[in-house]
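Structure file target_9.txt with compact mmCIF, C-alpha atoms:
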```
# COMPACT_ATOMS: atom_id res chain seq x y z
CA MET W 22 102.12 85.80 103.01
CA PHE W 23 98.68 87.13 102.07
CA THR W 24 97.00 84.39 104.07
CA ALA W 25 99.03 85.34 107.13
CA LEU W 26 98.06 88.98 106.70
CA ALA W 27 94.38 88.16 106.37
CA ASP W 28 94.56 85.71 109.30
CA SER W 29 96.11 88.20 111.67
CA LEU W 30 93.78 90.99 110.63
CA VAL W 31 90.49 89.12 110.69
CA TYR W 32 91.02 86.52 113.42
CA GLY W 33 93.62 88.44 115.42
CA LEU W 34 92.86 92.13 115.30
CA LEU W 35 89.09 91.90 114.86
CA GLY W 36 88.82 88.78 117.02
CA LEU W 37 86.41 86.97 114.71
CA THR W 38 86.20 83.20 114.79
CA GLU W 39 87.20 81.08 111.86
CA GLY W 40 84.20 79.45 110.16
CA ASP W 41 81.91 82.35 110.97
CA ARG W 42 80.24 83.64 107.77
CA LEU W 43 81.21 87.25 108.25
CA ALA W 44 84.75 86.22 109.14
CA ASP W 45 85.00 84.09 106.01
CA ALA W 46 83.79 86.93 103.82
CA LEU W 47 86.13 89.44 105.44
CA HIS W 48 89.05 87.06 105.20
CA PHE W 49 88.40 86.63 101.48
CA PHE W 50 88.10 90.38 101.04
CA VAL W 51 91.34 91.25 102.84
CA MET W 52 93.33 88.51 101.18
CA ASP W 53 92.12 89.23 97.67
CA THR W 54 92.47 92.97 98.01
CA ALA W 55 96.10 92.62 99.08
CA LYS W 56 96.93 89.93 96.53
CA ILE W 57 95.20 91.51 93.54
CA PHE W 58 96.54 95.02 94.07
CA VAL W 59 100.11 93.80 94.61
CA LEU W 60 99.87 91.70 91.43
CA LEU W 61 98.26 94.54 89.48
CA VAL W 62 100.93 97.07 90.37
CA ALA W 63 103.72 94.59 89.64
CA VAL W 64 102.35 93.51 86.25
CA ILE W 65 101.49 96.98 85.01
CA TYR W 66 104.88 98.30 86.12
CA VAL W 67 106.80 95.53 84.35
CA MET W 68 104.69 95.92 81.19
CA GLY W 69 105.32 99.65 81.26
CA LEU W 70 109.03 99.13 81.75
CA LEU W 71 109.15 96.81 78.73
CA ARG W 72 106.87 99.19 76.86
CA ALA W 73 104.91 96.10 75.95
CA LEU W 74 101.64 97.96 75.52
CA VAL W 75 100.59 98.54 71.94
CA SER W 76 98.67 101.67 70.97
CA PRO W 77 95.51 101.50 68.81
CA GLU W 78 97.25 103.70 66.20
CA LYS W 79 99.91 101.01 65.78
CA VAL W 80 97.33 98.21 65.58
CA ARG W 81 95.58 100.08 62.78
CA GLY W 82 98.86 100.46 60.94
CA TYR W 83 99.72 96.74 61.22
CA VAL W 84 96.29 95.46 60.27
CA ARG W 85 95.45 97.68 57.29
CA GLY W 86 95.89 96.24 53.81
CA LYS W 87 96.50 92.66 55.00
CA PRO W 88 94.56 89.69 53.57
CA PRO W 89 91.49 88.90 55.74
CA TRP W 90 92.85 85.88 57.63
CA LEU W 91 96.07 87.68 58.52
CA ALA W 92 94.23 90.90 59.37
CA ARG W 93 91.99 88.96 61.75
CA THR W 94 94.87 87.09 63.36
CA LEU W 95 96.76 90.33 63.91
CA ALA W 96 93.68 92.19 65.15
CA ILE W 97 92.95 89.51 67.72
CA GLY W 98 96.55 89.06 68.79
CA LEU W 99 97.11 92.78 69.11
CA GLY W 100 93.69 93.22 70.72
CA ALA W 101 94.85 90.82 73.39
CA VAL W 102 97.89 92.94 74.21
CA THR W 103 96.23 96.34 73.92
CA PRO W 104 94.92 97.63 77.21
CA PHE W 105 91.52 98.68 76.08
CA CYS W 106 89.63 101.66 77.33
CA SER W 107 86.07 101.80 76.11
CA CYS W 108 86.57 105.57 75.85
CA SER W 109 88.60 105.04 72.68
CA SER W 110 86.28 102.55 70.98
CA VAL W 111 84.61 105.22 68.83
CA PRO W 112 87.79 106.71 67.32
CA LEU W 113 89.18 103.21 67.03
CA PHE W 114 86.14 102.00 65.12
CA ILE W 115 86.26 104.99 62.78
CA GLY W 116 90.02 104.66 62.32
CA PHE W 117 89.64 101.00 61.32
CA VAL W 118 86.79 101.75 58.91
CA GLU W 119 88.76 104.59 57.37
CA ALA W 120 91.77 102.33 56.85
CA GLY W 121 89.56 99.97 54.85
CA ILE W 122 89.78 97.22 57.47
CA PRO W 123 86.72 94.91 57.12
CA LEU W 124 84.12 95.41 59.84
CA GLY W 125 84.28 91.73 60.78
CA VAL W 126 87.94 92.20 61.68
CA THR W 127 87.11 95.29 63.71
CA PHE W 128 84.50 93.28 65.61
CA SER W 129 87.07 90.57 66.28
CA PHE W 130 89.29 93.24 67.79
CA LEU W 131 86.45 94.71 69.84
CA ILE W 132 85.70 91.26 71.27
CA ALA W 133 89.28 90.26 72.06
CA SER W 134 90.50 93.55 73.44
CA PRO W 135 88.41 94.02 76.59
CA MET W 136 88.32 90.30 77.33
CA ILE W 137 91.98 89.38 77.13
CA ASN W 138 95.00 91.36 78.21
CA GLU W 139 98.32 90.64 79.87
CA ILE W 140 97.14 92.03 83.16
CA ALA W 141 94.06 89.82 83.35
CA VAL W 142 96.06 86.78 82.25
CA VAL W 143 98.72 87.18 84.93
CA LEU W 144 96.08 87.77 87.60
CA LEU W 145 94.09 84.77 86.44
CA ALA W 146 97.17 82.58 86.55
CA GLY W 147 98.14 83.98 89.95
CA ILE W 148 94.74 83.52 91.54
CA LEU W 149 93.00 80.67 89.73
CA GLY W 150 96.01 78.81 88.36
CA TRP W 151 97.49 78.69 84.89
CA GLU W 152 95.14 75.97 83.59
CA ILE W 153 92.12 78.21 84.02
CA ALA W 154 94.06 81.15 82.59
CA ALA W 155 94.95 79.11 79.50
CA LEU W 156 91.35 77.91 79.06
CA TYR W 157 90.06 81.46 79.37
CA VAL W 158 92.52 82.79 76.79
CA ALA W 159 91.91 79.95 74.34
CA ALA W 160 88.14 80.33 74.62
CA GLY W 161 88.39 84.11 74.31
CA LEU W 162 90.54 83.96 71.18
CA THR W 163 88.17 81.44 69.59
CA VAL W 164 85.10 83.54 70.33
CA ALA W 165 86.82 86.66 68.92
CA TRP W 166 87.79 84.76 65.77
CA VAL W 167 84.42 83.13 65.12
CA GLY W 168 82.37 86.10 66.34
CA GLY W 169 84.02 88.46 63.85
CA ILE W 170 83.42 86.06 60.96
CA VAL W 171 79.77 85.58 61.88
CA MET W 172 79.27 89.36 62.14
CA GLN W 173 80.77 89.79 58.68
CA ARG W 174 78.20 87.38 57.21
CA PHE W 175 75.42 89.77 58.15
CA ARG W 176 77.02 92.62 56.15
CA PRO W 177 77.13 95.04 59.11
CA GLU W 178 78.35 97.85 56.79
CA ARG W 179 74.74 98.81 56.11
CA TRP W 180 74.28 99.79 59.76
CA VAL W 181 77.28 102.05 60.06
CA GLU W 182 76.33 105.72 60.56
CA ASP W 183 76.85 107.81 57.43
CA TYR W 184 79.20 110.37 58.91
CA VAL W 185 81.69 107.62 59.76
CA TRP W 186 82.39 106.99 56.08
CA LYS W 187 83.15 110.65 55.51
CA ILE W 188 85.85 111.08 58.11
CA ARG W 189 89.36 111.19 56.70
CA MET W 190 92.13 110.37 59.03
CA GLY W 191 95.39 112.29 59.03
CA GLU W 192 98.89 110.88 59.10
CA THR W 193 99.69 109.37 62.51
CA HIS W 194 102.81 110.68 64.12
CA GLU W 195 105.00 108.15 65.81
CA GLN W 196 106.45 109.68 68.93
CA ALA W 197 109.92 108.40 69.58
CA PRO W 198 109.59 106.84 73.05
CA ASP W 199 112.05 107.81 75.74
CA THR W 200 113.94 104.51 76.09
CA SER W 201 116.36 105.52 78.84
CA TRP W 202 115.75 103.64 82.11
CA ALA W 203 114.67 106.83 83.84
CA GLY W 204 112.20 107.45 81.04
CA ARG W 205 110.93 103.87 81.18
CA HIS W 206 110.49 104.10 84.93
CA ARG W 207 108.52 107.34 84.62
CA PHE W 208 106.36 105.82 81.90
CA ALA W 209 105.75 102.65 83.95
CA MET W 210 104.80 104.65 87.04
CA ALA W 211 102.42 106.78 84.99
CA GLU W 212 100.83 103.60 83.57
CA VAL W 213 100.38 102.15 87.06
CA ARG W 214 98.70 105.34 88.28
CA GLU W 215 96.58 105.66 85.17
CA ILE W 216 95.35 102.07 84.99
CA LEU W 217 94.80 101.76 88.74
CA ARG W 218 92.79 104.96 88.75
CA ARG W 219 90.63 103.54 86.03
CA VAL W 220 90.08 100.06 87.46
CA TRP W 221 90.32 100.20 91.27
CA LYS W 222 86.59 100.68 91.76
CA TRP W 223 85.69 97.70 89.59
CA VAL W 224 88.27 95.54 91.28
CA LEU W 225 87.05 96.42 94.77
CA ILE W 226 83.43 95.84 93.77
CA GLY W 227 84.46 92.51 92.25
CA ILE W 228 86.27 91.49 95.42
CA ALA W 229 83.31 92.54 97.59
CA VAL W 230 80.89 90.50 95.46
CA GLY W 231 83.31 87.57 95.56
CA ALA W 232 83.62 87.89 99.35
CA LEU W 233 79.84 87.94 99.87
CA PHE W 234 79.44 84.93 97.60
CA HIS W 235 82.25 83.15 99.43
CA GLY W 236 80.93 83.92 102.89
CA PHE W 237 77.17 83.80 102.56
CA VAL W 238 76.10 81.55 99.71
CA PRO W 239 75.71 77.98 100.96
CA GLY W 240 77.88 75.45 99.14
CA ASP W 241 75.12 72.82 98.91
CA TRP W 242 72.80 75.23 97.16
CA VAL W 243 75.53 76.06 94.65
CA THR W 244 76.33 72.45 93.89
CA GLU W 245 72.69 71.66 93.38
CA HIS W 246 71.78 74.60 91.15
CA LEU W 247 75.02 75.75 89.54
CA GLY W 248 77.12 72.59 89.39
CA GLY W 249 77.90 70.95 86.07
CA GLU W 250 75.51 68.01 86.27
CA GLY W 251 72.18 68.49 84.57
CA ASN W 252 72.05 72.26 85.08
CA TRP W 253 71.79 73.26 81.44
CA LEU W 254 70.16 76.56 82.23
CA ALA W 255 72.94 77.73 84.55
CA VAL W 256 75.19 78.73 81.62
CA PRO W 257 72.68 80.89 79.70
CA GLY W 258 71.60 82.33 83.05
CA ALA W 259 75.19 83.31 83.87
CA VAL W 260 75.66 84.89 80.43
CA LEU W 261 72.41 86.88 80.66
CA LEU W 262 73.34 88.03 84.15
CA GLY W 263 76.74 89.14 82.86
CA ILE W 264 75.54 91.26 79.94
CA PRO W 265 74.23 94.31 81.79
CA LEU W 266 76.94 94.00 84.45
CA TYR W 267 79.89 96.16 83.74
CA ALA W 268 83.33 95.41 85.06
CA ASN W 269 86.64 94.92 83.41
CA ALA W 270 88.37 91.59 83.04
CA THR W 271 90.31 92.20 86.27
CA GLY W 272 87.27 92.96 88.41
CA VAL W 273 85.52 89.74 87.52
CA ILE W 274 88.42 87.51 88.63
CA PRO W 275 87.66 87.54 92.38
CA VAL W 276 84.02 86.76 91.61
CA ALA W 277 85.11 83.80 89.50
CA GLU W 278 87.42 82.70 92.31
CA ALA W 279 84.54 82.62 94.78
CA MET W 280 82.26 80.87 92.27
CA LEU W 281 84.78 78.13 91.53
CA GLY W 282 85.57 77.77 95.24
CA LYS W 283 81.91 77.05 96.00
CA GLY W 284 81.64 74.48 93.24
CA VAL W 285 80.10 76.39 90.35
CA ALA W 286 80.96 74.44 87.20
CA ILE W 287 83.98 75.71 85.28
CA GLY W 288 82.14 76.31 82.00
CA THR W 289 79.47 78.32 83.79
CA THR W 290 82.14 80.41 85.49
CA LEU W 291 84.09 81.02 82.27
CA ALA W 292 80.92 82.00 80.40
CA PHE W 293 80.03 84.44 83.16
CA MET W 294 83.52 86.00 83.17
CA MET W 295 83.52 86.49 79.43
CA SER W 296 80.05 87.93 79.40
CA VAL W 297 80.91 90.47 82.09
CA ALA W 298 84.20 91.46 80.48
CA ALA W 299 83.19 91.60 76.83
CA LEU W 300 79.57 92.65 76.84
CA SER W 301 78.24 95.64 78.66
CA LEU W 302 75.51 98.19 78.33
CA PRO W 303 77.78 101.25 78.63
CA GLU W 304 80.04 99.87 75.90
CA MET W 305 77.02 99.33 73.64
CA LEU W 306 75.87 102.89 74.22
CA ILE W 307 79.30 104.20 73.26
CA LEU W 308 79.35 102.10 70.08
CA ARG W 309 75.86 103.37 69.22
CA LYS W 310 77.57 106.60 68.12
CA VAL W 311 79.06 104.82 65.11
CA ILE W 312 76.71 101.94 64.41
CA ARG W 313 72.94 101.48 64.58
CA TRP W 314 70.93 99.28 66.94
CA PRO W 315 70.40 96.25 64.64
CA ALA W 316 74.17 95.75 64.46
CA LEU W 317 74.56 96.17 68.20
CA ALA W 318 71.75 93.73 68.92
CA LEU W 319 73.36 91.28 66.54
CA PHE W 320 76.75 91.80 68.18
CA ALA W 321 75.30 91.12 71.64
CA GLY W 322 73.38 88.11 70.29
CA VAL W 323 76.38 86.53 68.57
CA LEU W 324 78.52 86.97 71.68
CA ALA W 325 75.86 85.64 74.03
CA VAL W 326 75.40 82.51 71.90
CA ALA W 327 79.16 82.04 71.68
CA PHE W 328 79.62 82.32 75.45
CA VAL W 329 76.81 79.86 76.10
CA LEU W 330 78.44 77.37 73.71
CA VAL W 331 81.81 77.85 75.41
CA GLY W 332 80.20 77.29 78.81
CA TRP W 333 78.39 74.15 77.75
CA SER W 334 81.43 72.64 76.06
CA PHE W 335 83.63 73.14 79.11
CA ASN W 336 80.95 71.76 81.39
CA LEU W 337 80.68 68.70 79.16
CA ILE W 338 84.38 67.88 79.04
CA THR W 339 85.15 68.48 82.71
CA MET F 4 103.10 132.41 71.57
CA LYS F 5 102.51 128.69 71.31
CA THR F 6 99.12 127.26 70.47
CA ILE F 7 98.42 124.09 72.43
CA GLN F 8 95.45 121.91 71.53
CA VAL F 9 94.11 119.16 73.77
CA LEU F 10 92.43 116.51 71.62
CA GLY F 11 89.62 114.45 73.08
CA SER F 12 85.86 114.39 73.18
CA GLY F 13 85.10 115.10 76.78
CA CYS F 14 86.73 112.15 78.54
CA ALA F 15 87.90 112.56 82.13
CA ARG F 16 91.54 112.14 81.18
CA CYS F 17 91.24 114.83 78.50
CA GLU F 18 89.94 117.21 81.15
CA SER F 19 92.87 116.46 83.49
CA THR F 20 95.32 116.97 80.62
CA TYR F 21 93.79 120.36 79.90
CA ARG F 22 93.95 121.39 83.55
CA LEU F 23 97.54 120.17 83.95
CA ILE F 24 98.78 122.22 80.99
CA ASP F 25 96.82 125.25 82.15
CA GLU F 26 98.23 124.94 85.67
CA LEU F 27 101.86 124.50 84.60
CA ALA F 28 101.63 127.37 82.10
CA ARG F 29 100.52 129.68 84.90
CA GLU F 30 103.20 128.34 87.23
CA GLN F 31 105.94 128.93 84.68
CA GLY F 32 104.46 132.25 83.63
CA VAL F 33 104.31 131.15 80.01
CA GLU F 34 101.61 132.63 77.85
CA VAL F 35 99.97 130.02 75.64
CA GLU F 36 96.82 129.75 73.65
CA LEU F 37 95.20 126.64 75.09
CA LYS F 38 92.29 125.07 73.20
CA LYS F 39 90.16 121.96 73.37
CA VAL F 40 89.43 120.02 70.21
CA GLU F 41 86.33 117.91 70.84
CA ASP F 42 85.08 117.15 67.35
CA ILE F 43 85.86 113.53 66.52
CA ALA F 44 86.35 114.23 62.80
CA GLU F 45 88.85 116.96 63.59
CA ILE F 46 90.71 114.80 66.10
CA MET F 47 91.00 111.95 63.61
CA ALA F 48 92.05 114.30 60.85
CA MET F 49 95.09 114.98 63.02
CA GLY F 50 95.85 111.25 63.04
CA VAL F 51 94.89 110.56 66.64
CA ILE F 52 92.89 107.54 67.83
CA SER F 53 93.80 107.24 71.48
CA THR F 54 92.80 110.32 73.40
CA PRO F 55 93.81 112.50 75.12
CA GLY F 56 96.23 113.84 72.55
CA VAL F 57 98.20 117.04 72.63
CA ALA F 58 99.26 119.14 69.63
CA ILE F 59 101.60 122.11 69.73
CA ASP F 60 101.28 124.58 66.88
CA GLY F 61 99.31 121.99 64.95
CA GLU F 62 101.78 119.15 65.44
CA VAL F 63 100.77 116.12 67.52
CA VAL F 64 103.31 115.57 70.28
CA HIS F 65 101.50 113.15 72.56
CA THR F 66 98.65 110.62 72.51
CA GLY F 67 96.93 108.06 74.67
CA SER F 68 97.52 109.28 78.20
CA VAL F 69 97.68 112.22 80.55
CA PRO F 70 101.23 113.46 79.91
CA ASP F 71 103.51 113.59 82.94
CA ARG F 72 104.46 116.93 84.45
CA LYS F 73 108.03 116.86 83.24
CA LEU F 74 106.91 116.41 79.65
CA VAL F 75 104.43 119.27 79.89
CA ALA F 76 107.12 121.48 81.44
CA ASP F 77 109.40 120.68 78.50
CA TRP F 78 106.72 121.68 76.00
CA LEU F 79 106.19 124.97 77.73
CA ALA F 80 109.87 125.81 78.11
```

Could you take the file, read its structure, and then write that structure out as structure tokens?
Amino acid sequence: MFTALADSLVYGLLGLTEGDRLADALHFFVMDTAKIFVLLVAVIYVMGLLRALVSPEKVRGYVRGKPPWLARTLAIGLGAVTPFCSCSSVPLFIGFVEAGIPLGVTFSFLIASPMINEIAVVLLAGILGWEIAALYVAAGLTVAWVGGIVMQRFRPERWVEDYVWKIRMGETHEQAPDTSWAGRHRFAMAEVREILRRVWKWVLIGIAVGALFHGFVPGDWVTEHLGGEGNWLAVPGAVLLGIPLYANATGVIPVAEAMLGKGVAIGTTLAFMMSVAALSLPEMLILRKVIRWPALALFAGVLAVAFVLVGWSFNLIT
Amino acid sequence: MKTIQVLGSGCARCESTYRLIDELAREQGVEVELKKVEDIAEIMAMGVISTPGVAIDGEVVHTGSVPDRKLVADWLA
């Protein structure tokens, strides 16, 4: 369906010839735009209808007072189903600290949440196939688990800003959700509008980058420099490139699609995706309000090393 | 007169929540005292993590999103 649409638009309406670079790029752009936005709207709507999205207040309630291993498991699991907006990472961080949740667990949550969510998983499965989606989720969960434990070892408490310890959080008020179908529909529509408004730019930029890569980067060059064989530096390079880049997990999918299509090794692609989704400069600057630079540098370092290891392992076994 | 507080430290969605309530209050001719709460300690003291939140007469009635028009209209009624 989407192929037919892109075919008729690019080759028919615009009269471009198949195989032409510009035509290839445009075809990719049209097809991915249509496919990704249809999938996005559908997934967000269904999630909203089921009210499957968990609020950070609830996560805090579930995680507090649990033994460390259970707290971490819950934080990661719930992080994966919480649609994360970096705008709430400061209150979330403070709320976790105030609830006596260990910082290592909070870091596990902060790693898992932006990287994995239902929306990204469905899109990944829809566009790159469920095997890649499963690999991405498994690798993401592992990094969140190990990353939080490693952070804890460095006693990050000493870098938390003093005022954070002084904040006392009030009782959270559970609002009884409107569970009638009309109410669910309204809620789902509001979620679609809200999330789309937040992500559409990143998704379009991602598709454009993917399209350019698809149309203009020669396949031979990619195989030689970014393929799995003997290109050890490709993975750290991809991770470093991904750190300053900011996009959400959805926006990076079309880029990954183009990379894989041209023959970039799977580990390199996964490492790049994770780095873009989980690590970003704006996010670091927001977290700087609650925690000092040494902890942030450490956080970035631990994640970068973890992503490189993930990339190398996948490149080795495939 | 109701006191309505919009909780959130300057995010775009907090601003739209504030404007929406202001607009509907005018439309319905309801007089309210509309305030912004931007201090993070104060917001958290009210038990809110996900902003924007809305409190009416000191009680939190909404968190985590821009409330839809119907909900706001109900609060003002």

**Asked** What separation in Å, quoted to one decimal, exists between CA of His235 (chain W) and CA of Gly284 (chain W)?
**Response** 10.7 Å

**Message:** Given all atoms listed in the file as the basis, pick out the residue of F:Ala15, F:Ile24, F:Leu37, F:Ala44 nearest to chain W.
**Reply:**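 Of F:Ala15, F:Ile24, F:Leu37, F:Ala44, the one nearest chain W is F:Ala44, counting all atoms listed in the file.
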
**Item:** Interface, chain W side, toward chain F (6 Å; only C-alpha atoms) as a ChimeraX atom specification
**Value:** /W:109,112-113,188-193

Convert the current residue selection to file output with C-alpha atoms, as a PDB file, in the frame of the given file.
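part_27.pdb was written with the following content:
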```pdb
ATOM      1  CA  SER W 109      88.600 105.040  72.680  1.00  0.00           C
ATOM      2  CA  PRO W 112      87.790 106.710  67.320  1.00  0.00           C
ATOM      3  CA  LEU W 113      89.180 103.210  67.030  1.00  0.00           C
ATOM      4  CA  ILE W 188      85.850 111.080  58.110  1.00  0.00           C
ATOM      5  CA  ARG W 189      89.360 111.190  56.700  1.00  0.00           C
ATOM      6  CA  MET W 190      92.130 110.370  59.030  1.00  0.00           C
ATOM      7  CA  GLY W 191      95.390 112.290  59.030  1.00  0.00           C
ATOM      8  CA  GLU W 192      98.890 110.880  59.100  1.00  0.00           C
ATOM      9  CA  THR W 193      99.690 109.370  62.510  1.00  0.00           C
TER      10      THR W 193
END
```

So that I can check the surroundings of region 305-308 of chain W, please list as a CSV table (one decimal) with C-alpha atoms, keeping the file's coordinate frame every protein, DNA and RNA residue that reaches within 9 Å of it, counting only C-alpha atoms and ignoring chain neighbours fewer than 2 positions away.
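And here is the file that came out, result.csv:
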```csv
chain,number,residue,atom,x,y,z
W,107,SER,CA,86.1,101.8,76.1
W,108,CYS,CA,86.6,105.6,75.8
W,110,SER,CA,86.3,102.6,71.0
W,111,VAL,CA,84.6,105.2,68.8
W,114,PHE,CA,86.1,102.0,65.1
W,300,LEU,CA,79.6,92.6,76.8
W,301,SER,CA,78.2,95.6,78.7
W,302,LEU,CA,75.5,98.2,78.3
W,303,PRO,CA,77.8,101.2,78.6
W,310,LYS,CA,77.6,106.6,68.1
W,311,VAL,CA,79.1,104.8,65.1
W,312,ILE,CA,76.7,101.9,64.4
W,313,ARG,CA,72.9,101.5,64.6
W,317,LEU,CA,74.6,96.2,68.2
W,321,ALA,CA,75.3,91.1,71.6
```

Residue contacts of Ile59 (chain F) (8 Å, only C-alpha atoms) excluding same-chain residues fewer than 6 positions away, as a short mmCIF file (atom, residue, chain, number, x, y, z; two decimals) with C-alpha atoms, in the frame of the given file:
```
data_model
loop_
_atom_site.label_atom_id
_atom_site.label_comp_id
_atom_site.auth_asym_id
_atom_site.auth_seq_id
_atom_site.Cartn_x
_atom_site.Cartn_y
_atom_site.Cartn_z
CA LYS F 5 102.51 128.69 71.31
CA THR F 6 99.12 127.26 70.47
CA ILE F 7 98.42 124.09 72.43
CA GLN F 8 95.45 121.91 71.53
#
```

**Request:** Counting all atoms listed in the file, note down every residue that has an atom within 12 Å of the point (94.4, 102.2, 82.5) (file coordinates), as a VMD selection string.
**Result:** (chain W and resid 61 to 62 65 to 66 69 74 103 to 109 135 138 140 209 to 221 269 271) or (chain F and resid 16 67 to 69)

**Request:** Can you work out the spacing between CA of Arg42 (chain W) and CA of Ile274 (chain W) in Å, to one decimal?
**Result:**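 Interatomic distance, CA of Arg42 (chain W) to CA of Ile274 (chain W): 21.2 Å.
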
**Message:** One number please: CA of Gly98 (chain W) to CA of Ala159 (chain W), in Å, one decimal.
**Reply:** 11.6 Å

Here's a test: counting only C-alpha atoms, identify every protein, DNA and RNA residue with an atom at most 6 Å from (84.5, 72.3, 85.1) in the file's coordinate frame, and state them as an mmCIF file with C-alpha atoms, keeping the file's coordinate frame.
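Now in point_30.cif:
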```cif
data_model
loop_
_atom_site.group_PDB
_atom_site.id
_atom_site.type_symbol
_atom_site.label_atom_id
_atom_site.label_comp_id
_atom_site.auth_asym_id
_atom_site.auth_seq_id
_atom_site.Cartn_x
_atom_site.Cartn_y
_atom_site.Cartn_z
ATOM 1 C CA ALA W 286 80.960 74.440 87.200
ATOM 2 C CA ILE W 287 83.980 75.710 85.280
ATOM 3 C CA GLY W 288 82.140 76.310 82.000
ATOM 4 C CA ASN W 336 80.950 71.760 81.390
ATOM 5 C CA THR W 339 85.150 68.480 82.710
#
```

**Given all atoms listed in the file as the counted atoms, nearest of W:Ala203, W:Pro77, W:Pro177, W:Val64 to Val142 (chain W)** = W:Val64
